[in-house]
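Report on the structure given below.
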2 protein chains.
Amino acid sequence: MKPARIPASRSRENYLKALLQLRTGQPVAVSVLARHLRVSAPSVTNMLARLAEERLVTLGARGAAELSADGERAALQVLRRHRLLETFLVRVLELDWSEVHEDAEELEHHVSERVLDALDRFMGHPTDDPHGHPIPDRRGRLERRALEPLASLPAGSRAQVREVRGGDDRARMARWKRSGLVPGARVRMLEANAEDGVYTLEIAGRRLVSSRDGLEGVLIDRRARENS
Amino acid sequence: MKPARIPASRSRENYLKALLQLRTGQPVAVSVLARHLRVSAPSVTNMLARLAEERLVTLGARGAAELSADGERAALQVLRRHRLLETFLVRVLELDWSEVHEDAEELEHHVSERVLDALDRFMGHPTDDPHGHPIPDRRGRLERRALEPLASLPAGSRAQVREVRGGDDRARMARWKRSGLVPGARVRMLEANAEDGVYTLEIAGRRLVSSRDGLEGVLIDRRARENS
DNA sequence: CGCGCGCGTTAGTCGTAACTAATACGCACC
DNA sequence: GGTGCGTATTAGTTACGACTAACGCGCGCG
């Protein structure tokens with residue numbers, strides 16, 4: 001009696017999602033995954049072996065892993081669930097933008113297709129989550145965008161914040177929210193000092209000084225569009 | 001490093017909920033729990049021992065278990081989560097009344113207090129779930145009602161359906177829904193034959209013939225109220 | 001050239017929660 | 001008062017997914 005099914009447990013789904021998020025074109029190293037998922041290296045080796053056996057990932061040199069086509073499909077479904085849930089929690093339940101991540105992180109593994117579709121329908125098929133990330137469609141297709149890091153904006157230029165990455169860091173999110181650094185916000189770079197990594201911005205009439213690290217993950221669109 | 005915390009896992013919560021639902025004043029027997037939860041008897045003995053150690057249940061003769069005060073509190077919280085979720089799925093997401101149970105069953109173990117409160121707020125603090133069951137309040141207090149089984153309604157009498165038990169049986173729910181046997185429906189008993197257990201009812205102008213078993217779990221209020 | 005460091009893997013354990021097989025207990029009936 | 005049936009328990013196993021400790025390998029550096 002060998003099951004041969006795809007158990008698709010919580011843990012599995014987290015590994016797949018991590019592989020999607022950490023993807024850079026190169027296979028993801030064991031240590032990188034371990035840090036990201038906050039588990040030990042042996043746990044990663046172990047789980048990757050199982051995922052490889054199920055053909056959800058392919059293993060490269062020194063244990064590094066990459067999603068297979070099947071794995072990517074599965075990962076995108078998890079991402080869809082996560083982002084739809086975050087959107088629901090913020091738009092419908094009016095929970096705080098910066099605090100919603102962990103709830104979505106938990107629920108994403110337990111929402112059925114039926115409930116997910118109903119949520120999607122109820123919200124009118126949103127295309128972006130509260131952090132500005134595109135939501136994969138039902139078939140797992142993800143809109144690709146050409147966005148630039150905020151720190152790359154030259155002094156004197158204006159742009160619009162589109163995505164805000166790193167939703168797992170609550171404090172960071174809260175800080176950004178306080179300073180108005182939210183998707184849709186219009187910003188102007190007053191001073192950009194690449195050498196010492198200090199940036200001065202104007203957001204909604206207010207001025208913000210931040211280090212490069214402090215802006216890491218804020219992505220902008222320089223063709224400031226009129227919609228939104 | 002002994003945790004000593006209350007792990008409150010999925011399985012635990014299901015045992016507690018079962019003990020609440022199967023409560024009759026007598027302690028619940030191992031075999032009854034096993035059947036209800038669809039696990040083996042040894043699994044039950046085992047889990048009950050752990051719950052007893054955590055003072056969530058007290059064990060009686062022959063392994064029979066009863067909720068302690070703490071256990072009851074915990075169980076009522078699970079019940080609250082379940083019923084609020086069912087209400088949400090039906091009232092907001094417009095999923096089918098008769099099909100919502102398993103989704104709620106899954107989600108009830110993973111919704112945080114924060115999300116639950118937000119759902120409650122969003123729906124305006126509902127007091128009844130879609131099957132007519134009262135929803136425990138935040139402090140775990142459950143409205144007690146004096147309802148009678150539909151089969152006890154004498155021929156010629158009218159009443160209003162208030163609760164419909166056994167939400168885990170989808171087919172049964174669907175059948176009831178088809179015949180109009182839903183909370184709030186007004187019914188009249190046309191013929192009640194207690195000996196052979198055959199009952200003839202009128203519901204919303206239509207006539208329904210059913211066995212006693214087929215009506216088991218439908219609870220009525222004979223003081224047909226005007227509200228609703 | 002060897003030493004150590006970083007990274008990965010192997011081996012062995014733990015906790016949770018299920019299972020089966022075998023055993024023990026209690027009561028009702030002969 | 002013994003026998004048997006139903007119920008509960010004990011013992012041992014399994015699966016999952018984490019952990020630590022210990023080993024192994026490649027590479028840069030002295």
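All residue names refer to the structure tokens as shown: chains lettered A, B, ... in order, residues numbered from 1 in each chain, ligands numbered from 1 in order.
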
Skipping near chain neighbours, those fewer than 5 positions away, what residues fall within 12 Å of Leu181 (chain A) using only C-alpha atoms (C1' of nucleotides), listed as an mmCIF file with C-alpha atoms, in the first residue's frame?
data_model
loop_
_atom_site.group_PDB
_atom_site.id
_atom_site.type_symbol
_atom_site.label_atom_id
_atom_site.label_comp_id
_atom_site.auth_asym_id
_atom_site.auth_seq_id
_atom_site.Cartn_x
_atom_site.Cartn_y
_atom_site.Cartn_z
ATOM 1 C CA TRP A 97 -1.835 46.192 6.113
ATOM 2 C CA SER A 98 1.369 45.724 8.074
ATOM 3 C CA HIS A 131 1.627 45.203 -0.662
ATOM 4 C CA GLY A 132 1.256 45.794 -4.370
ATOM 5 C CA LEU A 150 13.467 53.005 -4.879
ATOM 6 C CA ALA A 159 7.981 58.017 -9.097
ATOM 7 C CA GLN A 160 5.165 55.972 -7.715
ATOM 8 C CA VAL A 161 5.598 53.178 -5.204
ATOM 9 C CA ARG A 162 4.228 49.980 -6.658
ATOM 10 C CA GLU A 163 5.365 47.063 -4.523
ATOM 11 C CA VAL A 164 6.596 46.730 -1.008
ATOM 12 C CA ARG A 165 8.476 43.502 -0.386
ATOM 13 C CA ARG A 172 9.570 47.228 8.787
ATOM 14 C CA MET A 173 6.068 47.297 7.321
ATOM 15 C CA ALA A 174 4.812 49.424 10.173
ATOM 16 C CA ARG A 175 7.703 51.845 9.716
ATOM 17 C CA TRP A 176 6.998 52.183 6.024
ATOM 18 C CA ARG A 186 4.065 59.247 -4.989
ATOM 19 C CA VAL A 187 7.604 59.983 -3.978
ATOM 20 C CA ARG A 188 10.332 62.377 -4.989
ATOM 21 C CA LEU A 201 12.835 61.493 0.006
ATOM 22 C CA GLU A 202 9.668 63.474 -0.089
ATOM 23 C CA ILE A 203 6.490 61.498 0.411
ATOM 24 C CA ALA A 204 3.138 63.186 0.541
ATOM 25 C CA ARG A 206 6.781 64.927 4.230
ATOM 26 C CA ARG A 207 10.474 64.325 4.184
ATOM 27 C CA LEU A 208 12.075 60.998 4.964
ATOM 28 C CA SER A 210 16.632 56.574 5.215
ATOM 29 C CA GLY A 214 15.776 50.854 5.045
ATOM 30 C CA LEU A 215 14.464 51.163 1.509
ATOM 31 C CA GLU A 216 15.333 47.689 0.357
ATOM 32 C CA GLY A 217 12.254 46.042 -1.081
ATOM 33 C CA VAL A 218 10.383 49.176 -2.054
ATOM 34 C CA LEU A 219 9.852 49.034 -5.793
ATOM 35 C CA ILE A 220 8.813 51.959 -7.921
#

Superimpose chain B on chain A so that the squared distances between all in-order C-alpha pairs are minimised, and send the result as a PDB file with C-alpha atoms, in the first residue's frame.
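Written file, part.pdb:
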ATOM      1  CA  MET B   1      -0.721   0.169  -0.307  1.00  0.00           C
ATOM      2  CA  LYS B   2       1.627   2.896  -1.434  1.00  0.00           C
ATOM      3  CA  PRO B   3      -0.059   6.267  -1.532  1.00  0.00           C
ATOM      4  CA  ALA B   4       1.983   7.889  -4.330  1.00  0.00           C
ATOM      5  CA  ARG B   5      -0.222  10.918  -3.922  1.00  0.00           C
ATOM      6  CA  ILE B   6       1.006  14.449  -3.329  1.00  0.00           C
ATOM      7  CA  PRO B   7       0.554  15.049   0.387  1.00  0.00           C
ATOM      8  CA  ALA B   8       0.996  18.810  -0.063  1.00  0.00           C
ATOM      9  CA  SER B   9       1.348  19.435   3.617  1.00  0.00           C
ATOM     10  CA  ARG B  10       2.011  22.707   5.273  1.00  0.00           C
ATOM     11  CA  SER B  11       5.735  22.187   5.410  1.00  0.00           C
ATOM     12  CA  ARG B  12       6.025  21.131   1.776  1.00  0.00           C
ATOM     13  CA  GLU B  13       4.087  24.162   0.666  1.00  0.00           C
ATOM     14  CA  ASN B  14       6.376  26.421   2.608  1.00  0.00           C
ATOM     15  CA  TYR B  15       9.447  24.961   0.964  1.00  0.00           C
ATOM     16  CA  LEU B  16       7.923  25.415  -2.455  1.00  0.00           C
ATOM     17  CA  LYS B  17       6.907  28.969  -1.751  1.00  0.00           C
ATOM     18  CA  ALA B  18      10.370  29.751  -0.425  1.00  0.00           C
ATOM     19  CA  LEU B  19      11.966  28.346  -3.558  1.00  0.00           C
ATOM     20  CA  LEU B  20       9.742  30.576  -5.637  1.00  0.00           C
ATOM     21  CA  GLN B  21      10.552  33.649  -3.619  1.00  0.00           C
ATOM     22  CA  LEU B  22      14.265  33.029  -3.404  1.00  0.00           C
ATOM     23  CA  ARG B  23      14.574  32.280  -7.078  1.00  0.00           C
ATOM     24  CA  THR B  24      17.314  34.182  -8.836  1.00  0.00           C
ATOM     25  CA  GLY B  25      17.923  32.038 -11.877  1.00  0.00           C
ATOM     26  CA  GLN B  26      20.473  30.011  -9.944  1.00  0.00           C
ATOM     27  CA  PRO B  27      19.450  27.012  -7.860  1.00  0.00           C
ATOM     28  CA  VAL B  28      18.838  27.940  -4.234  1.00  0.00           C
ATOM     29  CA  ALA B  29      21.458  26.725  -1.750  1.00  0.00           C
ATOM     30  CA  VAL B  30      20.536  24.589   1.218  1.00  0.00           C
ATOM     31  CA  SER B  31      21.845  27.163   3.662  1.00  0.00           C
ATOM     32  CA  VAL B  32      19.806  29.934   2.088  1.00  0.00           C
ATOM     33  CA  LEU B  33      16.642  27.913   2.363  1.00  0.00           C
ATOM     34  CA  ALA B  34      17.486  26.943   5.915  1.00  0.00           C
ATOM     35  CA  ARG B  35      17.906  30.549   6.947  1.00  0.00           C
ATOM     36  CA  HIS B  36      14.760  31.637   5.160  1.00  0.00           C
ATOM     37  CA  LEU B  37      12.599  28.902   6.635  1.00  0.00           C
ATOM     38  CA  ARG B  38      14.322  29.012   9.997  1.00  0.00           C
ATOM     39  CA  VAL B  39      15.083  25.327  10.075  1.00  0.00           C
ATOM     40  CA  SER B  40      18.361  23.434  10.289  1.00  0.00           C
ATOM     41  CA  ALA B  41      20.374  22.488   7.239  1.00  0.00           C
ATOM     42  CA  PRO B  42      19.761  18.746   7.649  1.00  0.00           C
ATOM     43  CA  SER B  43      16.036  19.367   7.690  1.00  0.00           C
ATOM     44  CA  VAL B  44      16.378  21.122   4.369  1.00  0.00           C
ATOM     45  CA  THR B  45      18.496  18.412   2.767  1.00  0.00           C
ATOM     46  CA  ASN B  46      15.953  15.929   3.945  1.00  0.00           C
ATOM     47  CA  MET B  47      12.889  17.706   2.684  1.00  0.00           C
ATOM     48  CA  LEU B  48      14.487  18.576  -0.626  1.00  0.00           C
ATOM     49  CA  ALA B  49      15.206  14.913  -1.176  1.00  0.00           C
ATOM     50  CA  ARG B  50      11.533  14.145  -0.711  1.00  0.00           C
ATOM     51  CA  LEU B  51      10.420  16.982  -2.954  1.00  0.00           C
ATOM     52  CA  ALA B  52      12.890  15.827  -5.587  1.00  0.00           C
ATOM     53  CA  GLU B  53      11.491  12.325  -5.390  1.00  0.00           C
ATOM     54  CA  GLU B  54       8.067  13.762  -6.075  1.00  0.00           C
ATOM     55  CA  ARG B  55       9.530  15.685  -9.006  1.00  0.00           C
ATOM     56  CA  LEU B  56       8.607  19.029  -7.551  1.00  0.00           C
ATOM     57  CA  VAL B  57      12.196  20.222  -7.466  1.00  0.00           C
ATOM     58  CA  THR B  58      15.396  19.333  -9.245  1.00  0.00           C
ATOM     59  CA  LEU B  59      18.618  19.146  -7.316  1.00  0.00           C
ATOM     60  CA  GLY B  60      21.857  20.601  -8.559  1.00  0.00           C
ATOM     61  CA  ALA B  61      25.408  20.698  -7.304  1.00  0.00           C
ATOM     62  CA  ARG B  62      25.888  20.775  -3.553  1.00  0.00           C
ATOM     63  CA  GLY B  63      22.227  20.154  -2.874  1.00  0.00           C
ATOM     64  CA  ALA B  64      21.013  23.382  -4.378  1.00  0.00           C
ATOM     65  CA  ALA B  65      17.403  23.171  -5.550  1.00  0.00           C
ATOM     66  CA  GLU B  66      15.246  24.600  -8.267  1.00  0.00           C
ATOM     67  CA  LEU B  67      11.527  24.240  -8.834  1.00  0.00           C
ATOM     68  CA  SER B  68      10.429  21.892 -11.573  1.00  0.00           C
ATOM     69  CA  ALA B  69       7.502  22.849 -13.766  1.00  0.00           C
ATOM     70  CA  ASP B  70       5.165  20.955 -11.438  1.00  0.00           C
ATOM     71  CA  GLY B  71       6.782  22.509  -8.413  1.00  0.00           C
ATOM     72  CA  GLU B  72       6.414  25.966  -9.817  1.00  0.00           C
ATOM     73  CA  ARG B  73       2.773  25.376 -10.517  1.00  0.00           C
ATOM     74  CA  ALA B  74       2.231  24.233  -6.971  1.00  0.00           C
ATOM     75  CA  ALA B  75       4.209  27.133  -5.542  1.00  0.00           C
ATOM     76  CA  LEU B  76       2.240  29.640  -7.556  1.00  0.00           C
ATOM     77  CA  GLN B  77      -0.968  28.214  -6.184  1.00  0.00           C
ATOM     78  CA  VAL B  78       0.330  28.723  -2.674  1.00  0.00           C
ATOM     79  CA  LEU B  79       1.361  32.249  -3.556  1.00  0.00           C
ATOM     80  CA  ARG B  80      -2.077  32.906  -4.981  1.00  0.00           C
ATOM     81  CA  ARG B  81      -3.703  31.698  -1.800  1.00  0.00           C
ATOM     82  CA  HIS B  82      -1.415  33.838   0.308  1.00  0.00           C
ATOM     83  CA  ARG B  83      -1.987  36.997  -1.642  1.00  0.00           C
ATOM     84  CA  LEU B  84      -5.712  36.582  -1.998  1.00  0.00           C
ATOM     85  CA  LEU B  85      -5.961  36.006   1.719  1.00  0.00           C
ATOM     86  CA  GLU B  86      -3.906  39.063   2.543  1.00  0.00           C
ATOM     87  CA  THR B  87      -6.069  41.100   0.239  1.00  0.00           C
ATOM     88  CA  PHE B  88      -9.172  39.767   1.899  1.00  0.00           C
ATOM     89  CA  LEU B  89      -7.901  40.449   5.382  1.00  0.00           C
ATOM     90  CA  VAL B  90      -7.067  44.041   4.530  1.00  0.00           C
ATOM     91  CA  ARG B  91      -9.777  45.021   2.087  1.00  0.00           C
ATOM     92  CA  VAL B  92     -12.707  43.231   3.626  1.00  0.00           C
ATOM     93  CA  LEU B  93     -11.884  42.646   7.256  1.00  0.00           C
ATOM     94  CA  GLU B  94      -9.963  45.912   7.461  1.00  0.00           C
ATOM     95  CA  LEU B  95      -7.065  44.465   9.338  1.00  0.00           C
ATOM     96  CA  ASP B  96      -3.823  46.304   9.339  1.00  0.00           C
ATOM     97  CA  TRP B  97      -1.829  46.168   6.166  1.00  0.00           C
ATOM     98  CA  SER B  98       1.377  45.695   8.113  1.00  0.00           C
ATOM     99  CA  GLU B  99       0.145  42.929  10.408  1.00  0.00           C
ATOM    100  CA  VAL B 100      -1.694  40.636   8.103  1.00  0.00           C
ATOM    101  CA  HIS B 101       1.161  38.496   6.909  1.00  0.00           C
ATOM    102  CA  GLU B 102       1.244  35.820   9.589  1.00  0.00           C
ATOM    103  CA  ASP B 103      -2.474  35.184   9.440  1.00  0.00           C
ATOM    104  CA  ALA B 104      -2.282  34.683   5.705  1.00  0.00           C
ATOM    105  CA  GLU B 105       0.786  32.528   6.211  1.00  0.00           C
ATOM    106  CA  GLU B 106      -1.237  30.207   8.383  1.00  0.00           C
ATOM    107  CA  LEU B 107      -4.466  30.176   6.450  1.00  0.00           C
ATOM    108  CA  GLU B 108      -2.891  29.688   3.040  1.00  0.00           C
ATOM    109  CA  HIS B 109      -2.334  26.034   3.843  1.00  0.00           C
ATOM    110  CA  HIS B 110      -5.889  25.350   4.847  1.00  0.00           C
ATOM    111  CA  VAL B 111      -8.205  27.186   2.495  1.00  0.00           C
ATOM    112  CA  SER B 112      -9.958  24.946   0.023  1.00  0.00           C
ATOM    113  CA  GLU B 113     -10.236  25.739  -3.645  1.00  0.00           C
ATOM    114  CA  ARG B 114     -13.902  26.375  -3.149  1.00  0.00           C
ATOM    115  CA  VAL B 115     -13.425  28.937  -0.421  1.00  0.00           C
ATOM    116  CA  LEU B 116     -10.590  30.577  -2.274  1.00  0.00           C
ATOM    117  CA  ASP B 117     -12.664  30.989  -5.393  1.00  0.00           C
ATOM    118  CA  ALA B 118     -15.493  32.418  -3.355  1.00  0.00           C
ATOM    119  CA  LEU B 119     -13.150  34.942  -1.753  1.00  0.00           C
ATOM    120  CA  ASP B 120     -11.813  35.875  -5.148  1.00  0.00           C
ATOM    121  CA  ARG B 121     -15.311  36.332  -6.502  1.00  0.00           C
ATOM    122  CA  PHE B 122     -16.424  38.313  -3.484  1.00  0.00           C
ATOM    123  CA  MET B 123     -13.600  40.777  -3.937  1.00  0.00           C
ATOM    124  CA  GLY B 124     -14.152  41.067  -7.673  1.00  0.00           C
ATOM    125  CA  HIS B 125     -11.003  39.223  -8.726  1.00  0.00           C
ATOM    126  CA  PRO B 126      -8.363  41.598  -7.423  1.00  0.00           C
ATOM    127  CA  THR B 127      -5.078  41.714  -9.298  1.00  0.00           C
ATOM    128  CA  ASP B 128      -2.869  43.130  -6.575  1.00  0.00           C
ATOM    129  CA  ASP B 129      -2.446  42.358  -2.917  1.00  0.00           C
ATOM    130  CA  PRO B 130      -2.144  45.066  -0.262  1.00  0.00           C
ATOM    131  CA  HIS B 131       1.624  45.174  -0.645  1.00  0.00           C
ATOM    132  CA  GLY B 132       1.251  45.779  -4.341  1.00  0.00           C
ATOM    133  CA  HIS B 133       2.271  42.288  -5.429  1.00  0.00           C
ATOM    134  CA  PRO B 134       0.452  40.808  -8.388  1.00  0.00           C
ATOM    135  CA  ILE B 135      -1.869  37.922  -7.545  1.00  0.00           C
ATOM    136  CA  PRO B 136      -1.407  34.836  -9.731  1.00  0.00           C
ATOM    137  CA  ASP B 137      -4.574  33.955 -11.594  1.00  0.00           C
ATOM    138  CA  ARG B 138      -6.402  30.655 -11.170  1.00  0.00           C
ATOM    139  CA  ARG B 139      -4.130  28.997 -13.659  1.00  0.00           C
ATOM    140  CA  GLY B 140      -1.088  30.209 -11.793  1.00  0.00           C
ATOM    141  CA  ARG B 141      -0.024  32.888 -14.189  1.00  0.00           C
ATOM    142  CA  LEU B 142       1.766  35.779 -12.628  1.00  0.00           C
ATOM    143  CA  GLU B 143       1.973  39.214 -14.150  1.00  0.00           C
ATOM    144  CA  ARG B 144       5.571  40.226 -14.762  1.00  0.00           C
ATOM    145  CA  ARG B 145       6.451  43.782 -14.063  1.00  0.00           C
ATOM    146  CA  ALA B 146       9.502  45.865 -14.709  1.00  0.00           C
ATOM    147  CA  LEU B 147       9.985  47.760 -11.492  1.00  0.00           C
ATOM    148  CA  GLU B 148      13.036  49.441 -10.059  1.00  0.00           C
ATOM    149  CA  PRO B 149      14.253  49.658  -6.501  1.00  0.00           C
ATOM    150  CA  LEU B 150      13.441  52.981  -4.893  1.00  0.00           C
ATOM    151  CA  ALA B 151      17.117  53.547  -4.128  1.00  0.00           C
ATOM    152  CA  SER B 152      17.861  53.650  -7.846  1.00  0.00           C
ATOM    153  CA  LEU B 153      15.716  56.729  -8.338  1.00  0.00           C
ATOM    154  CA  PRO B 154      17.991  59.670  -9.251  1.00  0.00           C
ATOM    155  CA  ALA B 155      17.842  62.829  -7.167  1.00  0.00           C
ATOM    156  CA  GLY B 156      15.171  65.186  -8.408  1.00  0.00           C
ATOM    157  CA  SER B 157      13.034  62.454  -9.988  1.00  0.00           C
ATOM    158  CA  ARG B 158       9.514  61.431  -9.128  1.00  0.00           C
ATOM    159  CA  ALA B 159       7.984  57.990  -9.150  1.00  0.00           C
ATOM    160  CA  GLN B 160       5.171  55.949  -7.737  1.00  0.00           C
ATOM    161  CA  VAL B 161       5.590  53.163  -5.212  1.00  0.00           C
ATOM    162  CA  ARG B 162       4.235  49.967  -6.662  1.00  0.00           C
ATOM    163  CA  GLU B 163       5.362  47.055  -4.519  1.00  0.00           C
ATOM    164  CA  VAL B 164       6.597  46.725  -1.002  1.00  0.00           C
ATOM    165  CA  ARG B 165       8.468  43.489  -0.378  1.00  0.00           C
ATOM    166  CA  GLY B 166       9.276  41.657   2.799  1.00  0.00           C
ATOM    167  CA  GLY B 167       5.800  41.474   4.308  1.00  0.00           C
ATOM    168  CA  ASP B 168       7.060  39.042   6.906  1.00  0.00           C
ATOM    169  CA  ASP B 169       8.865  41.816   8.738  1.00  0.00           C
ATOM    170  CA  ARG B 170       6.155  43.506  10.704  1.00  0.00           C
ATOM    171  CA  ALA B 171       8.239  46.279  12.189  1.00  0.00           C
ATOM    172  CA  ARG B 172       9.547  47.212   8.765  1.00  0.00           C
ATOM    173  CA  MET B 173       6.050  47.277   7.304  1.00  0.00           C
ATOM    174  CA  ALA B 174       4.794  49.422  10.156  1.00  0.00           C
ATOM    175  CA  ARG B 175       7.677  51.839   9.690  1.00  0.00           C
ATOM    176  CA  TRP B 176       6.988  52.163   6.005  1.00  0.00           C
ATOM    177  CA  LYS B 177       3.335  52.635   6.642  1.00  0.00           C
ATOM    178  CA  ARG B 178       4.065  55.422   9.125  1.00  0.00           C
ATOM    179  CA  SER B 179       6.206  57.253   6.624  1.00  0.00           C
ATOM    180  CA  GLY B 180       3.645  56.855   3.863  1.00  0.00           C
ATOM    181  CA  LEU B 181       5.709  54.390   1.859  1.00  0.00           C
ATOM    182  CA  VAL B 182       2.738  52.371   0.666  1.00  0.00           C
ATOM    183  CA  PRO B 183       1.776  51.050  -2.758  1.00  0.00           C
ATOM    184  CA  GLY B 184       0.397  53.900  -4.802  1.00  0.00           C
ATOM    185  CA  ALA B 185       2.261  56.632  -2.939  1.00  0.00           C
ATOM    186  CA  ARG B 186       4.055  59.215  -5.024  1.00  0.00           C
ATOM    187  CA  VAL B 187       7.590  59.973  -4.017  1.00  0.00           C
ATOM    188  CA  ARG B 188      10.320  62.359  -5.036  1.00  0.00           C
ATOM    189  CA  MET B 189      13.985  61.709  -4.462  1.00  0.00           C
ATOM    190  CA  LEU B 190      15.524  64.796  -2.947  1.00  0.00           C
ATOM    191  CA  GLU B 191      19.008  63.500  -2.341  1.00  0.00           C
ATOM    192  CA  ALA B 192      20.528  60.167  -3.232  1.00  0.00           C
ATOM    193  CA  ASN B 193      23.929  59.393  -1.871  1.00  0.00           C
ATOM    194  CA  ALA B 194      24.937  56.005  -3.175  1.00  0.00           C
ATOM    195  CA  GLU B 195      28.330  55.991  -1.469  1.00  0.00           C
ATOM    196  CA  ASP B 196      27.247  56.219   2.133  1.00  0.00           C
ATOM    197  CA  GLY B 197      23.812  54.832   1.338  1.00  0.00           C
ATOM    198  CA  VAL B 198      21.751  57.706   2.667  1.00  0.00           C
ATOM    199  CA  TYR B 199      18.659  58.814   0.825  1.00  0.00           C
ATOM    200  CA  THR B 200      16.319  61.737   1.356  1.00  0.00           C
ATOM    201  CA  LEU B 201      12.821  61.482  -0.032  1.00  0.00           C
ATOM    202  CA  GLU B 202       9.669  63.454  -0.121  1.00  0.00           C
ATOM    203  CA  ILE B 203       6.481  61.465   0.363  1.00  0.00           C
ATOM    204  CA  ALA B 204       3.098  63.150   0.496  1.00  0.00           C
ATOM    205  CA  GLY B 205       4.684  66.429   1.451  1.00  0.00           C
ATOM    206  CA  ARG B 206       6.771  64.904   4.207  1.00  0.00           C
ATOM    207  CA  ARG B 207      10.454  64.294   4.154  1.00  0.00           C
ATOM    208  CA  LEU B 208      12.083  60.984   4.939  1.00  0.00           C
ATOM    209  CA  VAL B 209      15.731  60.213   5.432  1.00  0.00           C
ATOM    210  CA  SER B 210      16.632  56.557   5.193  1.00  0.00           C
ATOM    211  CA  SER B 211      19.513  54.209   4.660  1.00  0.00           C
ATOM    212  CA  ARG B 212      19.649  52.025   1.601  1.00  0.00           C
ATOM    213  CA  ASP B 213      18.802  49.037   3.762  1.00  0.00           C
ATOM    214  CA  GLY B 214      15.761  50.862   5.037  1.00  0.00           C
ATOM    215  CA  LEU B 215      14.457  51.163   1.495  1.00  0.00           C
ATOM    216  CA  GLU B 216      15.328  47.669   0.363  1.00  0.00           C
ATOM    217  CA  GLY B 217      12.255  46.033  -1.088  1.00  0.00           C
ATOM    218  CA  VAL B 218      10.376  49.176  -2.058  1.00  0.00           C
ATOM    219  CA  LEU B 219       9.840  49.021  -5.795  1.00  0.00           C
ATOM    220  CA  ILE B 220       8.814  51.936  -7.930  1.00  0.00           C
ATOM    221  CA  ASP B 221       7.465  52.708 -11.329  1.00  0.00           C
ATOM    222  CA  ARG B 222       9.044  55.799 -12.855  1.00  0.00           C
ATOM    223  CA  ARG B 223       6.403  56.306 -15.481  1.00  0.00           C
ATOM    224  CA  ALA B 224       4.176  57.760 -12.782  1.00  0.00           C
ATOM    225  CA  ARG B 225       0.801  56.771 -14.053  1.00  0.00           C
ATOM    226  CA  GLU B 226      -2.354  58.701 -13.593  1.00  0.00           C
ATOM    227  CA  ASN B 227      -4.537  55.765 -12.665  1.00  0.00           C
ATOM    228  CA  SER B 228      -4.609  55.084  -8.955  1.00  0.00           C
TER     229      SER B 228
END

Chain C residues near chain A (12 Å cut-off, only C-alpha atoms (C1' of nucleotides)) as a PyMOL selection string: chain C and resi 6-11

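Distance annotation: of D:DA11, D:DC29, D:DC5, D:DA18, the residue with the minimal separation from chain B is D:DA11; atom set is only C-alpha atoms (C1' of nucleotides).
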
Select residues of chain D: the criterion is any atom within 12 Å of an atom of chain A, counting only C-alpha atoms (C1' of nucleotides); output as JSON, numbers by chain. {"D": [15, 16, 17, 18, 19, 20, 21, 25, 26]}

Quick one: pick out all strand (DSSP E or B) residues within region 48-153 of chain B from a backbone DSSP run and write them as a list in words.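 So, restricting region 48-153 of chain B to strand (DSSP E or B), we get Val57, Thr58, Leu59, Ala65, Glu66, Leu67, Asp128, Pro134, Glu148 and Pro149 of chain B.
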
Mind writing the picked residues with N, CA and C atoms as a short mmCIF file (atom, residue, chain, number, x, y, z; two decimals), in the first residue's frame?
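Dumped to part_20.cif:
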data_model
loop_
_atom_site.label_atom_id
_atom_site.label_comp_id
_atom_site.auth_asym_id
_atom_site.auth_seq_id
_atom_site.Cartn_x
_atom_site.Cartn_y
_atom_site.Cartn_z
N VAL B 57 -9.70 17.34 30.56
CA VAL B 57 -10.80 16.41 30.78
C VAL B 57 -10.56 15.67 32.09
N THR B 58 -11.63 15.10 32.61
CA THR B 58 -11.49 14.20 33.75
C THR B 58 -11.95 12.83 33.31
N LEU B 59 -11.23 11.82 33.78
CA LEU B 59 -11.54 10.46 33.34
C LEU B 59 -12.34 9.74 34.40
N ALA B 65 -14.76 9.90 29.49
CA ALA B 65 -14.21 11.24 29.72
C ALA B 65 -15.28 12.31 29.76
N GLU B 66 -14.97 13.33 30.51
CA GLU B 66 -15.84 14.50 30.64
C GLU B 66 -14.96 15.73 30.58
N LEU B 67 -15.46 16.81 30.02
CA LEU B 67 -14.69 18.03 29.97
C LEU B 67 -14.57 18.64 31.36
N ASP B 128 -26.57 33.40 15.48
CA ASP B 128 -26.90 32.06 15.03
C ASP B 128 -26.14 31.70 13.77
N PRO B 134 -26.85 28.36 18.08
CA PRO B 134 -26.36 29.60 18.69
C PRO B 134 -24.84 29.65 18.66
N GLU B 148 -37.66 21.36 20.80
CA GLU B 148 -38.14 19.98 20.75
C GLU B 148 -37.80 19.36 19.41
N PRO B 149 -37.65 18.05 19.39
CA PRO B 149 -37.44 17.39 18.11
C PRO B 149 -38.71 17.49 17.25
#

So which residues of region 52-166 of chain B fall under alpha helix (DSSP H) by DSSP, listed as a ChimeraX atom specification? /B:52-53,69-87,101-107,113-122

One number please: C1' of DG2 (chain C) to C1' of DC23 (chain D), in Å, one decimal. 19.0 Å

For C1' of DA18 (chain C) and C1' of DT7 (chain D), the interatomic separation in Å (one decimal):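 That distance, rounded to one decimal, is 20.0 Å.
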
Separating C1' of DT14 (chain D) from C1' of DC25 (chain C), to the nearest tenth of an Å, is a gap of 28.4 Å
